[in-house]
>>> print(open('entry25.pdb').read())   # PDB, C-alpha atoms
ATOM      1  CA  MET J   1      -1.935   7.272 -37.113
ATOM      2  CA  ALA J   2       1.368   5.739 -38.186
ATOM      3  CA  GLY J   3       3.121   3.139 -36.039
ATOM      4  CA  ALA J   4       5.844   5.612 -35.112
ATOM      5  CA  GLY J   5       3.249   8.070 -33.806
ATOM      6  CA  LYS J   6       1.662   5.362 -31.704
ATOM      7  CA  ARG J   7       5.034   4.342 -30.291
ATOM      8  CA  ALA J   8       5.796   7.949 -29.396
ATOM      9  CA  ALA J   9       2.426   8.296 -27.633
ATOM     10  CA  PHE J  10       3.076   5.040 -25.765
ATOM     11  CA  ALA J  11       6.499   6.305 -24.670
ATOM     12  CA  ARG J  12       5.042   9.639 -23.498
ATOM     13  CA  GLY J  13       2.478   7.755 -21.421
ATOM     14  CA  PHE J  14       5.132   5.444 -20.030
ATOM     15  CA  TRP J  15       7.437   8.264 -18.889
ATOM     16  CA  ILE J  16       4.711  10.553 -17.570
ATOM     17  CA  LEU J  17       4.151   7.966 -14.809
ATOM     18  CA  ALA J  18       7.862   7.774 -13.908
ATOM     19  CA  PRO J  19       7.625  10.168 -10.916
ATOM     20  CA  LEU J  20       5.149   7.761  -9.341
ATOM     21  CA  TRP J  21       7.660   4.894  -9.387
ATOM     22  CA  LEU J  22       9.073   6.428  -6.215
ATOM     23  CA  GLY J  23       5.849   5.514  -4.443
ATOM     24  CA  VAL J  24       5.233   2.214  -6.225
ATOM     25  CA  VAL J  25       8.590   0.596  -5.515
ATOM     26  CA  PRO J  26       8.521   0.857  -1.693
ATOM     27  CA  PHE J  27       4.860  -0.199  -1.693
ATOM     28  CA  GLY J  28       5.777  -3.245  -3.813
ATOM     29  CA  PHE J  29       8.584  -4.047  -1.379
ATOM     30  CA  ALA J  30       6.244  -3.724   1.598
ATOM     31  CA  TYR J  31       3.738  -6.005  -0.132
ATOM     32  CA  ALA J  32       6.349  -8.642  -1.027
ATOM     33  CA  VAL J  33       7.874  -8.680   2.455
ATOM     34  CA  THR J  34       4.408  -9.043   4.007
ATOM     35  CA  ALA J  35       3.485 -11.805   1.541
ATOM     36  CA  ARG J  36       6.681 -13.661   2.394
ATOM     37  CA  GLY J  37       5.930 -13.298   6.089
ATOM     38  CA  ALA J  38       2.442 -14.693   5.423
ATOM     39  CA  GLY J  39       4.016 -17.831   3.980
ATOM     40  CA  LEU J  40       3.344 -17.236   0.275
ATOM     41  CA  SER J  41       5.840 -18.561  -2.274
ATOM     42  CA  LEU J  42       7.606 -16.313  -4.778
ATOM     43  CA  LEU J  43       5.366 -17.674  -7.535
ATOM     44  CA  GLU J  44       2.186 -16.917  -5.570
ATOM     45  CA  THR J  45       3.410 -13.458  -4.547
ATOM     46  CA  GLN J  46       4.306 -12.637  -8.147
ATOM     47  CA  ALA J  47       1.094 -14.122  -9.584
ATOM     48  CA  LEU J  48      -0.977 -11.714  -7.474
ATOM     49  CA  SER J  49       1.033  -8.755  -8.793
ATOM     50  CA  THR J  50       0.706  -9.921 -12.399
ATOM     51  CA  PHE J  51      -2.921 -11.008 -12.534
ATOM     52  CA  VAL J  52      -4.659  -8.921  -9.863
ATOM     53  CA  PHE J  53      -2.342  -5.888 -10.065
ATOM     54  CA  ALA J  54      -4.003  -3.894  -7.269
ATOM     55  CA  GLY J  55      -1.690  -2.935  -4.420
ATOM     56  CA  SER J  56      -4.060  -2.414  -1.517
ATOM     57  CA  ALA J  57      -6.167  -5.476  -2.428
ATOM     58  CA  GLN J  58      -3.040  -7.635  -2.681
ATOM     59  CA  LEU J  59      -1.682  -6.390   0.617
ATOM     60  CA  SER J  60      -4.988  -6.972   2.391
ATOM     61  CA  ALA J  61      -5.246 -10.424   0.775
ATOM     62  CA  VAL J  62      -1.864 -11.588   2.070
ATOM     63  CA  GLY J  63      -2.733 -10.221   5.504
ATOM     64  CA  LEU J  64      -5.957 -12.223   5.391
ATOM     65  CA  PHE J  65      -4.140 -15.342   4.159
ATOM     66  CA  ALA J  66      -1.863 -15.029   7.194
ATOM     67  CA  ALA J  67      -4.909 -14.676   9.462
ATOM     68  CA  GLY J  68      -6.381 -17.840   7.967
ATOM     69  CA  ALA J  69      -9.375 -16.136   6.344
ATOM     70  CA  ALA J  70     -11.600 -18.080   3.946
ATOM     71  CA  GLY J  71     -11.175 -17.625   0.203
ATOM     72  CA  PHE J  72     -14.583 -15.994  -0.288
ATOM     73  CA  GLU J  73     -13.799 -13.423   2.418
ATOM     74  CA  ILE J  74     -10.599 -12.497   0.586
ATOM     75  CA  VAL J  75     -12.434 -12.246  -2.752
ATOM     76  CA  LEU J  76     -15.209 -10.075  -1.271
ATOM     77  CA  THR J  77     -12.675  -7.781   0.409
ATOM     78  CA  THR J  78     -10.924  -7.467  -2.962
ATOM     79  CA  LEU J  79     -14.243  -6.529  -4.563
ATOM     80  CA  LEU J  80     -14.883  -3.898  -1.883
ATOM     81  CA  LEU J  81     -11.428  -2.417  -2.383
ATOM     82  CA  ASN J  82     -11.665  -2.343  -6.159
ATOM     83  CA  VAL J  83     -15.248  -1.321  -6.988
ATOM     84  CA  ARG J  84     -14.094   2.294  -7.146
ATOM     85  CA  HIS J  85     -12.535   1.431 -10.525
ATOM     86  CA  VAL J  86     -16.067   1.483 -11.933
ATOM     87  CA  LEU J  87     -15.990   5.249 -11.476
ATOM     88  CA  TYR J  88     -12.618   5.603 -13.222
ATOM     89  CA  GLY J  89     -13.866   3.509 -16.129
ATOM     90  CA  LEU J  90     -17.005   5.606 -16.457
ATOM     91  CA  ALA J  91     -15.022   8.863 -16.415
ATOM     92  CA  LEU J  92     -12.378   7.549 -18.811
ATOM     93  CA  GLY J  93     -14.917   6.034 -21.222
ATOM     94  CA  ARG J  94     -16.660   9.401 -21.526
ATOM     95  CA  GLU J  95     -13.502  11.252 -22.541
ATOM     96  CA  LEU J  96     -11.636   8.581 -24.478
ATOM     97  CA  PRO J  97     -13.835   6.342 -26.611
ATOM     98  CA  LEU J  98     -12.176   2.927 -26.876
ATOM     99  CA  SER J  99     -12.873   0.200 -29.378
ATOM    100  CA  ARG J 100     -14.321  -3.144 -28.343
ATOM    101  CA  ARG J 101     -10.863  -4.710 -28.646
ATOM    102  CA  GLU J 102      -9.066  -1.981 -26.686
ATOM    103  CA  ARG J 103     -11.455  -1.957 -23.720
ATOM    104  CA  PRO J 104     -10.436  -5.229 -22.010
ATOM    105  CA  ILE J 105      -6.736  -4.347 -22.368
ATOM    106  CA  ALA J 106      -7.214  -0.853 -20.962
ATOM    107  CA  ALA J 107      -9.364  -2.332 -18.169
ATOM    108  CA  PHE J 108      -6.902  -5.043 -17.115
ATOM    109  CA  PHE J 109      -4.073  -2.568 -16.423
ATOM    110  CA  LEU J 110      -6.221   0.296 -15.055
ATOM    111  CA  THR J 111      -5.025   1.752 -11.732
ATOM    112  CA  ASP J 112      -5.696   4.825  -9.618
ATOM    113  CA  GLU J 113      -2.352   6.311 -10.560
ATOM    114  CA  ALA J 114      -2.651   5.768 -14.316
ATOM    115  CA  PHE J 115      -6.198   7.109 -14.303
ATOM    116  CA  GLY J 116      -5.248  10.155 -12.250
ATOM    117  CA  VAL J 117      -2.278  11.132 -14.377
ATOM    118  CA  VAL J 118      -3.999  10.485 -17.713
ATOM    119  CA  ALA J 119      -7.066  12.425 -16.559
ATOM    120  CA  ALA J 120      -4.823  15.363 -15.650
ATOM    121  CA  ALA J 121      -2.833  15.208 -18.927
ATOM    122  CA  ARG J 122      -4.202  16.808 -22.053
ATOM    123  CA  GLU J 123      -3.390  13.872 -24.295
ATOM    124  CA  ARG J 124      -6.168  11.359 -24.972
ATOM    125  CA  SER J 125      -5.302   8.241 -26.941
ATOM    126  CA  PHE J 126      -5.226   4.491 -26.424
ATOM    127  CA  PRO J 127      -1.394   4.142 -26.829
ATOM    128  CA  PHE J 128      -0.857   6.991 -24.342
ATOM    129  CA  LEU J 129      -3.186   5.360 -21.814
ATOM    130  CA  ILE J 130      -1.613   1.918 -22.250
ATOM    131  CA  GLY J 131       1.878   3.406 -21.933
ATOM    132  CA  ALA J 132       0.902   4.993 -18.618
ATOM    133  CA  GLU J 133      -0.765   1.806 -17.373
ATOM    134  CA  LEU J 134       2.114  -0.483 -18.330
ATOM    135  CA  SER J 135       4.636   1.875 -16.761
ATOM    136  CA  LEU J 136       3.135   1.113 -13.377
ATOM    137  CA  PHE J 137       2.582  -2.575 -14.158
ATOM    138  CA  VAL J 138       6.255  -3.133 -15.009
ATOM    139  CA  MET J 139       7.557  -1.312 -11.924
ATOM    140  CA  TRP J 140       5.035  -2.968  -9.601
ATOM    141  CA  ASN J 141       6.079  -6.434 -10.771
ATOM    142  CA  LEU J 142       9.802  -5.650 -10.615
ATOM    143  CA  ALA J 143       9.341  -4.257  -7.094
ATOM    144  CA  THR J 144       7.432  -7.386  -6.077
ATOM    145  CA  ALA J 145      10.213  -9.701  -7.272
ATOM    146  CA  GLY J 146      12.912  -7.470  -5.793
ATOM    147  CA  GLY J 147      11.151  -7.172  -2.452
ATOM    148  CA  PHE J 148      10.637 -10.913  -2.182
ATOM    149  CA  VAL J 149      14.258 -11.750  -2.999
ATOM    150  CA  LEU J 150      15.684  -9.056  -0.706
ATOM    151  CA  GLY J 151      13.235 -10.078   2.011
ATOM    152  CA  ALA J 152      14.695 -13.586   1.828
ATOM    153  CA  ALA J 153      17.978 -12.105   3.060
ATOM    154  CA  ILE J 154      16.330 -11.235   6.391
ATOM    155  CA  PRO J 155      16.515 -14.291   8.630
ATOM    156  CA  ASN J 156      13.374 -14.824  10.708
ATOM    157  CA  PRO J 157      11.578 -11.591   9.733
ATOM    158  CA  ALA J 158       8.969 -12.068  12.472
ATOM    159  CA  ARG J 159      11.669 -11.327  15.041
ATOM    160  CA  PHE J 160      11.935  -7.790  13.671
ATOM    161  CA  GLY J 161       8.192  -7.256  13.875
ATOM    162  CA  VAL J 162       7.774  -6.755  10.119
ATOM    163  CA  ASP J 163       4.075  -7.555  10.557
ATOM    164  CA  LEU J 164       3.742  -3.920  11.718
ATOM    165  CA  ILE J 165       4.387  -2.856   8.096
ATOM    166  CA  PHE J 166       0.877  -4.057   7.263
ATOM    167  CA  PRO J 167      -1.142  -1.644   9.458
ATOM    168  CA  LEU J 168       1.370   1.158   8.840
ATOM    169  CA  ALA J 169       0.916   0.861   5.079
ATOM    170  CA  PHE J 170      -2.867   1.056   5.330
ATOM    171  CA  LEU J 171      -2.613   3.946   7.758
ATOM    172  CA  ALA J 172      -0.436   5.775   5.215
ATOM    173  CA  LEU J 173      -2.992   5.034   2.484
ATOM    174  CA  LEU J 174      -5.851   6.185   4.718
ATOM    175  CA  VAL J 175      -4.533   9.481   6.092
ATOM    176  CA  PRO J 176      -4.379  11.437   2.781
ATOM    177  CA  LEU J 177      -7.969  10.420   1.976
ATOM    178  CA  VAL J 178      -9.357  12.078   5.095
ATOM    179  CA  ARG J 179     -10.095  15.733   4.426
ATOM    180  CA  THR J 180     -13.699  16.407   5.398
ATOM    181  CA  ARG J 181     -15.495  15.975   8.693
ATOM    182  CA  ALA J 182     -17.621  13.134   7.287
ATOM    183  CA  GLU J 183     -14.464  11.334   6.105
ATOM    184  CA  LEU J 184     -12.875  11.686   9.540
ATOM    185  CA  VAL J 185     -15.996  10.351  11.271
ATOM    186  CA  VAL J 186     -16.147   7.368   8.878
ATOM    187  CA  ALA J 187     -12.430   6.606   9.383
ATOM    188  CA  LEU J 188     -12.645   6.731  13.194
ATOM    189  CA  ALA J 189     -15.935   4.831  13.381
ATOM    190  CA  SER J 190     -14.682   2.158  10.975
ATOM    191  CA  GLY J 191     -11.440   1.722  12.888
ATOM    192  CA  ALA J 192     -13.298   1.329  16.165
ATOM    193  CA  LEU J 193     -15.951  -0.987  14.727
ATOM    194  CA  ALA J 194     -13.397  -3.263  13.047
ATOM    195  CA  PHE J 195     -11.359  -3.466  16.257
ATOM    196  CA  GLY J 196     -14.452  -4.441  18.225
ATOM    197  CA  LEU J 197     -15.660  -6.960  15.655
ATOM    198  CA  ALA J 198     -12.197  -8.532  15.378
ATOM    199  CA  GLN J 199     -12.395  -9.532  19.059
ATOM    200  CA  ALA J 200     -15.426 -11.702  18.277
ATOM    201  CA  LEU J 201     -15.317 -12.624  14.572
ATOM    202  CA  PRO J 202     -12.598 -14.459  12.668
ATOM    203  CA  GLY J 203     -10.747 -13.669   9.447
ATOM    204  CA  GLY J 204     -12.101 -11.172   6.961
ATOM    205  CA  LEU J 205     -15.634 -10.721   8.293
ATOM    206  CA  PRO J 206     -14.847  -7.613  10.391
ATOM    207  CA  ILE J 207     -13.383  -5.926   7.295
ATOM    208  CA  LEU J 208     -16.354  -6.809   5.099
ATOM    209  CA  LEU J 209     -18.942  -5.698   7.631
ATOM    210  CA  THR J 210     -17.040  -2.501   8.412
ATOM    211  CA  GLY J 211     -16.449  -1.736   4.731
ATOM    212  CA  VAL J 212     -20.153  -1.932   3.940
ATOM    213  CA  GLY J 213     -21.283  -0.205   7.142
ATOM    214  CA  GLY J 214     -18.664   2.549   6.964
ATOM    215  CA  SER J 215     -19.412   3.478   3.346
ATOM    216  CA  LEU J 216     -23.173   3.542   3.996
ATOM    217  CA  LEU J 217     -22.499   5.789   6.988
ATOM    218  CA  GLY J 218     -20.391   8.051   4.763
ATOM    219  CA  ALA J 219     -23.074   8.262   2.078
ATOM    220  CA  PHE J 220     -25.589   9.118   4.795
ATOM    221  CA  LEU J 221     -23.368  11.762   6.438
ATOM    222  CA  SER J 222     -22.545  13.445   3.133
ATOM    223  CA  ARG J 223     -26.124  13.564   1.858
ATOM    224  CA  GLY J 224     -26.928  16.968   0.462
ATOM    225  CA  THR J 225     -23.392  17.541  -0.810
ATOM    226  CA  PRO J 226     -23.011  16.919  -4.539
ATOM    227  CA  ALA J 227     -21.406  13.588  -5.462
ATOM    228  CA  GLU J 228     -17.968  13.942  -7.094
ATOM    229  CA  ARG J 229     -18.570  12.520 -10.539
ATOM    230  CA  GLY J 230     -15.891  14.243 -12.554
ATOM    231  CA  ILE J 231     -13.213  12.741 -10.348
ATOM    232  CA  ASP J 232     -10.494  15.176  -9.438
ATOM    233  CA  PRO J 233      -7.353  13.709 -11.039
ATOM    234  CA  LYS J 234      -5.257  14.903  -8.103
ATOM    235  CA  ASP J 235      -7.436  12.867  -5.765
ATOM    236  CA  ALA J 236      -7.142   9.714  -7.822
ATOM    237  CA  ALA J 237      -3.368  10.040  -7.989
ATOM    238  CA  ARG J 238      -3.326  10.386  -4.230
ATOM    239  CA  GLU J 239      -5.483   7.336  -3.698
ATOM    240  CA  VAL J 240      -2.450   5.154  -4.252
ATOM    241  CA  ALA J 241      -3.805   1.666  -4.238
TER     242      ALA J 241
ATOM    243  CA  MET Q 242      -5.108 -25.078  -4.582
ATOM    244  CA  THR Q 243      -7.152 -22.833  -2.319
ATOM    245  CA  PHE Q 244      -4.700 -20.084  -3.139
ATOM    246  CA  TRP Q 245      -5.191 -20.357  -6.899
ATOM    247  CA  LEU Q 246      -8.987 -20.488  -6.598
ATOM    248  CA  THR Q 247      -8.868 -17.378  -4.420
ATOM    249  CA  LEU Q 248      -6.565 -15.713  -6.943
ATOM    250  CA  ALA Q 249      -9.013 -16.514  -9.769
ATOM    251  CA  GLY Q 250     -11.828 -14.933  -7.761
ATOM    252  CA  MET Q 251      -9.707 -11.850  -7.049
ATOM    253  CA  VAL Q 252      -8.888 -11.494 -10.752
ATOM    254  CA  ALA Q 253     -12.570 -11.839 -11.674
ATOM    255  CA  VAL Q 254     -13.850  -9.139  -9.299
ATOM    256  CA  THR Q 255     -10.941  -6.763  -9.997
ATOM    257  CA  PHE Q 256     -11.117  -7.061 -13.775
ATOM    258  CA  GLY Q 257     -14.916  -6.942 -13.583
ATOM    259  CA  SER Q 258     -14.806  -3.610 -11.715
ATOM    260  CA  ARG Q 259     -12.265  -2.151 -14.129
ATOM    261  CA  TYR Q 260     -14.116  -3.344 -17.210
ATOM    262  CA  ALA Q 261     -17.651  -2.469 -16.072
ATOM    263  CA  GLY Q 262     -17.020   1.280 -16.047
ATOM    264  CA  LEU Q 263     -15.388   1.286 -19.474
ATOM    265  CA  ALA Q 264     -18.086  -0.875 -21.034
ATOM    266  CA  LEU Q 265     -21.149   0.706 -19.434
ATOM    267  CA  ARG Q 266     -22.594   3.977 -20.577
ATOM    268  CA  ALA Q 267     -24.678   4.701 -17.528
ATOM    269  CA  GLU Q 268     -24.827   7.212 -14.714
ATOM    270  CA  LEU Q 269     -24.794   5.807 -11.214
ATOM    271  CA  PRO Q 270     -27.283   7.321  -8.750
ATOM    272  CA  ASP Q 271     -25.742   9.955  -6.470
ATOM    273  CA  PHE Q 272     -26.130   7.804  -3.381
ATOM    274  CA  TRP Q 273     -23.940   5.021  -4.808
ATOM    275  CA  VAL Q 274     -21.297   7.416  -6.091
ATOM    276  CA  ARG Q 275     -20.993   8.852  -2.581
ATOM    277  CA  CYS Q 276     -20.980   5.356  -1.117
ATOM    278  CA  LEU Q 277     -18.098   4.276  -3.385
ATOM    279  CA  HIS Q 278     -16.155   7.348  -2.330
ATOM    280  CA  PHE Q 279     -16.182   6.157   1.301
ATOM    281  CA  VAL Q 280     -15.362   2.486   0.658
ATOM    282  CA  PRO Q 281     -11.544   2.855   0.668
ATOM    283  CA  ILE Q 282     -11.709   5.006   3.817
ATOM    284  CA  ALA Q 283     -13.819   2.442   5.699
ATOM    285  CA  VAL Q 284     -11.813  -0.561   4.474
ATOM    286  CA  PHE Q 285      -8.364   0.959   5.051
ATOM    287  CA  ALA Q 286      -9.362   1.962   8.593
ATOM    288  CA  SER Q 287     -10.707  -1.530   9.269
ATOM    289  CA  LEU Q 288      -7.409  -3.069   8.150
ATOM    290  CA  VAL Q 289      -5.376  -0.851  10.492
ATOM    291  CA  THR Q 290      -6.875  -1.222  13.953
ATOM    292  CA  PRO Q 291      -7.151  -5.011  14.414
ATOM    293  CA  SER Q 292      -3.540  -5.635  13.310
ATOM    294  CA  ILE Q 293      -1.786  -2.847  15.210
ATOM    295  CA  GLU Q 294      -1.753  -4.812  18.463
ATOM    296  CA  GLY Q 295       0.368  -7.725  17.178
ATOM    297  CA  ASN Q 296       0.912 -10.863  19.210
ATOM    298  CA  ARG Q 297       4.029 -10.164  21.240
ATOM    299  CA  ASN Q 298       2.461  -8.001  23.916
ATOM    300  CA  GLU Q 299       3.968  -4.829  22.479
ATOM    301  CA  TRP Q 300       0.724  -2.999  21.853
ATOM    302  CA  ALA Q 301       1.757   0.198  23.646
ATOM    303  CA  ILE Q 302       4.895   0.866  21.590
ATOM    304  CA  ARG Q 303       3.160  -0.257  18.398
ATOM    305  CA  VAL Q 304       0.351   2.235  18.970
ATOM    306  CA  VAL Q 305       2.931   4.999  19.568
ATOM    307  CA  ALA Q 306       4.804   4.022  16.376
ATOM    308  CA  ALA Q 307       1.542   4.028  14.406
ATOM    309  CA  ALA Q 308       0.582   7.462  15.768
ATOM    310  CA  VAL Q 309       3.943   8.907  14.709
ATOM    311  CA  ALA Q 310       3.588   7.202  11.300
ATOM    312  CA  ALA Q 311       0.126   8.747  10.879
ATOM    313  CA  GLY Q 312       1.642  12.166  11.567
ATOM    314  CA  ALA Q 313       4.367  11.506   8.998
ATOM    315  CA  ALA Q 314       1.753  10.389   6.447
ATOM    316  CA  TRP Q 315      -0.238  13.533   7.080
ATOM    317  CA  ARG Q 316       2.788  15.810   6.664
ATOM    318  CA  THR Q 317       4.489  14.137   3.689
ATOM    319  CA  ARG Q 318       1.653  12.161   1.992
ATOM    320  CA  GLN Q 319       4.342   9.592   1.138
ATOM    321  CA  LEU Q 320       3.666   5.955   1.888
ATOM    322  CA  TRP Q 321       7.319   4.968   2.222
ATOM    323  CA  VAL Q 322       8.124   7.846   4.598
ATOM    324  CA  ALA Q 323       5.263   6.821   6.902
ATOM    325  CA  ILE Q 324       6.357   3.161   6.942
ATOM    326  CA  ALA Q 325      10.029   4.047   7.461
ATOM    327  CA  VAL Q 326       9.282   6.495  10.292
ATOM    328  CA  GLY Q 327       6.854   4.091  11.968
ATOM    329  CA  MET Q 328       9.266   1.153  11.849
ATOM    330  CA  ALA Q 329      12.168   3.328  13.082
ATOM    331  CA  VAL Q 330      10.144   4.502  16.095
ATOM    332  CA  TYR Q 331       9.017   0.933  16.795
ATOM    333  CA  TRP Q 332      12.545  -0.467  16.709
ATOM    334  CA  MET Q 333      13.904   2.342  18.892
ATOM    335  CA  LEU Q 334      11.185   1.845  21.504
ATOM    336  CA  ARG Q 335      11.844  -1.892  21.567
ATOM    337  CA  ILE Q 336      15.451  -1.539  22.704
ATOM    338  CA  PRO Q 337      14.776  -0.892  26.428
ATOM    339  CA  PHE Q 338      12.531  -3.924  26.763
TER     340      PHE Q 338
END
>>> encode(input="entry25.pdb", output="structure tokens")
Amino acid sequence: MAGAGKRAAFARGFWILAPLWLGVVPFGFAYAVTARGAGLSLLETQALSTFVFAGSAQLSAVGLFAAGAAGFEIVLTTLLLNVRHVLYGLALGRELPLSRRERPIAAFFLTDEAFGVVAAARERSFPFLIGAELSLFVMWNLATAGGFVLGAAIPNPARFGVDLIFPLAFLALLVPLVRTRAELVVALASGALAFGLAQALPGGLPILLTGVGGSLLGAFLSRGTPAERGIDPKDAAREVA
Amino acid sequence: MTFWLTLAGMVAVTFGSRYAGLALRAELPDFWVRCLHFVPIAVFASLVTPSIEGNRNEWAIRVVAAAVAAGAAWRTRQLWVAIAVGMAVYWMLRIPF
């Protein structure tokens, strides 16, 4: 394929994600404001967006930093939140064979949104995929910087109770995921268990224990129903994280 | 320093998860696929409940704000709408106190 064709495919991928910027920008703002409230510097806040590039994991990490959690607890929570990408990689690798050189690049910028939209589109090529992935990467990082700088204009943010943004954001991420009875039971049980554990255990331990326990409970409750292997692209796009 | 070590660990596990699927050509057993499906649900829920209460003795109005935000999330499926509605309710309920 000529360079011009690759550039056109990249541009198509980049713009096909544009409607999702509407969701990414406020999420980036919420993350940056929370990070600032947790005492992170602009450099640290931005470094997470550039190198980790995973919204829900970043938001939970800054919440845990604020709560004084240990580094390994934050890393394990990040792992829990991001292992689902294994499934996206498996699905994507089946439909779009990538070269040895392309794989690490495609992997670094892989997100729920990019996977969901590319899986739903008919086009399958590396430039198209990278265009879609970078579209989100650029907006996420701009939103992070913008949110941090604008957040600096709010004097004493704690006075306005901006720490409530943290649970509200995760509630808004959670609600669309709950559709079946088993999912509702897991959500309610996990919420109750984490609340109980948080009264006795410090930092990130309640989240880790609940994450493992809740997902095992879910796998147990949904036994007998077929596992969703060919991930529904609409679902992935909804799992904004 | 602790921050940068933690960041390096976060990068390692995140990139590892993203790369593993693309590099592997294997089928996961059904049980683990179902398990992975429930991980975000369990983790998101566990991040919500312990931090709703806050530390300014406002738990009642914060729970109300969160309930309204959950309703907004359910209706609109938009993250920013849920946060905006929740914060608006919270700030309005704070005024009388």
>>> residues_around(input="entry25.pdb", residues="Asn296 in chain Q", least_positions_apart="6", cutoff="12 Å", atoms="all atoms listed in the file", output="PyMOL selection string")
(chain J and resi 67+158-159+161+163-164) or (chain Q and resi 303)
>>> write_last_selection(input="entry25.pdb", atoms="C-alpha atoms", output="compact mmCIF listing (two decimals), in the coordinates of the input")
# COMPACT_ATOMS: atom_id res chain seq x y z
CA ALA J 67 -4.91 -14.68 9.46
CA ALA J 158 8.97 -12.07 12.47
CA ARG J 159 11.67 -11.33 15.04
CA GLY J 161 8.19 -7.26 13.88
CA ASP J 163 4.08 -7.56 10.56
CA LEU J 164 3.74 -3.92 11.72
CA ARG Q 303 3.16 -0.26 18.40
>>> resolve_selection(input="entry25.pdb", expression="the PyMOL selection byres ((chain J and resi 58) around 12)", output="ChimeraX atom specification")
/J:27-28,30-32,34-35,40,44-57,59-65,74-75,77-79,81-82,140,144,166,170,241 /Q:247-248,251-252,255
>>> atom_distance(input="entry25.pdb", atom1="CA of Ala286 in chain Q", atom2="CA of Ala325 in chain Q")
19.5 Å
>>> resolve_selection(input="entry25.pdb", expression="the ChimeraX specification (/J :<8) & /Q", output="ChimeraX atom specification")
/Q:243-244,246-248,250-252,254-256,258-267,271-293,295,303,307,310-311,314-315,318-321,323-324,327-328,332
>>> residues_around(input="entry25.pdb", residues="Met139 in chain J", least_positions_apart="3", cutoff="7 Å", atoms="all atoms listed in the file", output="list of chain:residue names")
J:Trp21, J:Val25, J:Ser135, J:Leu136, J:Leu142, J:Ala143
>>> atom_distance(input="entry25.pdb", atom1="CA of Ala132 in chain J", atom2="CA of Glu95 in chain J")
16.2 Å
>>> build_atoms(input="entry25.pdb", residues="range 266-279 of chain Q", atoms="N, CA and C atoms", output="mmCIF file, keeping the file's coordinate frame")
data_model
loop_
_atom_site.group_PDB
_atom_site.id
_atom_site.type_symbol
_atom_site.label_atom_id
_atom_site.label_comp_id
_atom_site.auth_asym_id
_atom_site.auth_seq_id
_atom_site.Cartn_x
_atom_site.Cartn_y
_atom_site.Cartn_z
ATOM 1 N N ARG Q 266 -22.377 2.564 -20.287
ATOM 2 C CA ARG Q 266 -22.594 3.977 -20.577
ATOM 3 C C ARG Q 266 -23.757 4.417 -19.711
ATOM 4 N N ALA Q 267 -23.562 4.380 -18.414
ATOM 5 C CA ALA Q 267 -24.678 4.701 -17.528
ATOM 6 C C ALA Q 267 -24.206 5.664 -16.455
ATOM 7 N N GLU Q 268 -25.135 6.350 -15.853
ATOM 8 C CA GLU Q 268 -24.827 7.212 -14.714
ATOM 9 C C GLU Q 268 -25.288 6.515 -13.449
ATOM 10 N N LEU Q 269 -24.394 6.400 -12.489
ATOM 11 C CA LEU Q 269 -24.794 5.807 -11.214
ATOM 12 C C LEU Q 269 -25.593 6.831 -10.414
ATOM 13 N N PRO Q 270 -26.570 6.382 -9.630
ATOM 14 C CA PRO Q 270 -27.283 7.321 -8.750
ATOM 15 C C PRO Q 270 -26.312 7.957 -7.758
ATOM 16 N N ASP Q 271 -26.598 9.201 -7.382
ATOM 17 C CA ASP Q 271 -25.742 9.955 -6.470
ATOM 18 C C ASP Q 271 -25.374 9.182 -5.208
ATOM 19 N N PHE Q 272 -26.376 8.494 -4.637
ATOM 20 C CA PHE Q 272 -26.130 7.804 -3.381
ATOM 21 C C PHE Q 272 -24.986 6.791 -3.519
ATOM 22 N N TRP Q 273 -24.972 6.063 -4.635
ATOM 23 C CA TRP Q 273 -23.940 5.021 -4.808
ATOM 24 C C TRP Q 273 -22.584 5.616 -5.128
ATOM 25 N N VAL Q 274 -22.577 6.748 -5.831
ATOM 26 C CA VAL Q 274 -21.297 7.416 -6.091
ATOM 27 C C VAL Q 274 -20.678 7.859 -4.766
ATOM 28 N N ARG Q 275 -21.510 8.423 -3.889
ATOM 29 C CA ARG Q 275 -20.993 8.852 -2.581
ATOM 30 C C ARG Q 275 -20.551 7.651 -1.754
ATOM 31 N N CYS Q 276 -21.308 6.578 -1.840
ATOM 32 C CA CYS Q 276 -20.980 5.356 -1.117
ATOM 33 C C CYS Q 276 -19.603 4.833 -1.549
ATOM 34 N N LEU Q 277 -19.374 4.772 -2.864
ATOM 35 C CA LEU Q 277 -18.098 4.276 -3.385
ATOM 36 C C LEU Q 277 -16.937 5.137 -2.916
ATOM 37 N N HIS Q 278 -17.203 6.437 -2.780
ATOM 38 C CA HIS Q 278 -16.155 7.348 -2.330
ATOM 39 C C HIS Q 278 -15.652 6.959 -0.930
ATOM 40 N N PHE Q 279 -16.552 6.456 -0.088
ATOM 41 C CA PHE Q 279 -16.182 6.157 1.301
ATOM 42 C C PHE Q 279 -15.663 4.741 1.501
#
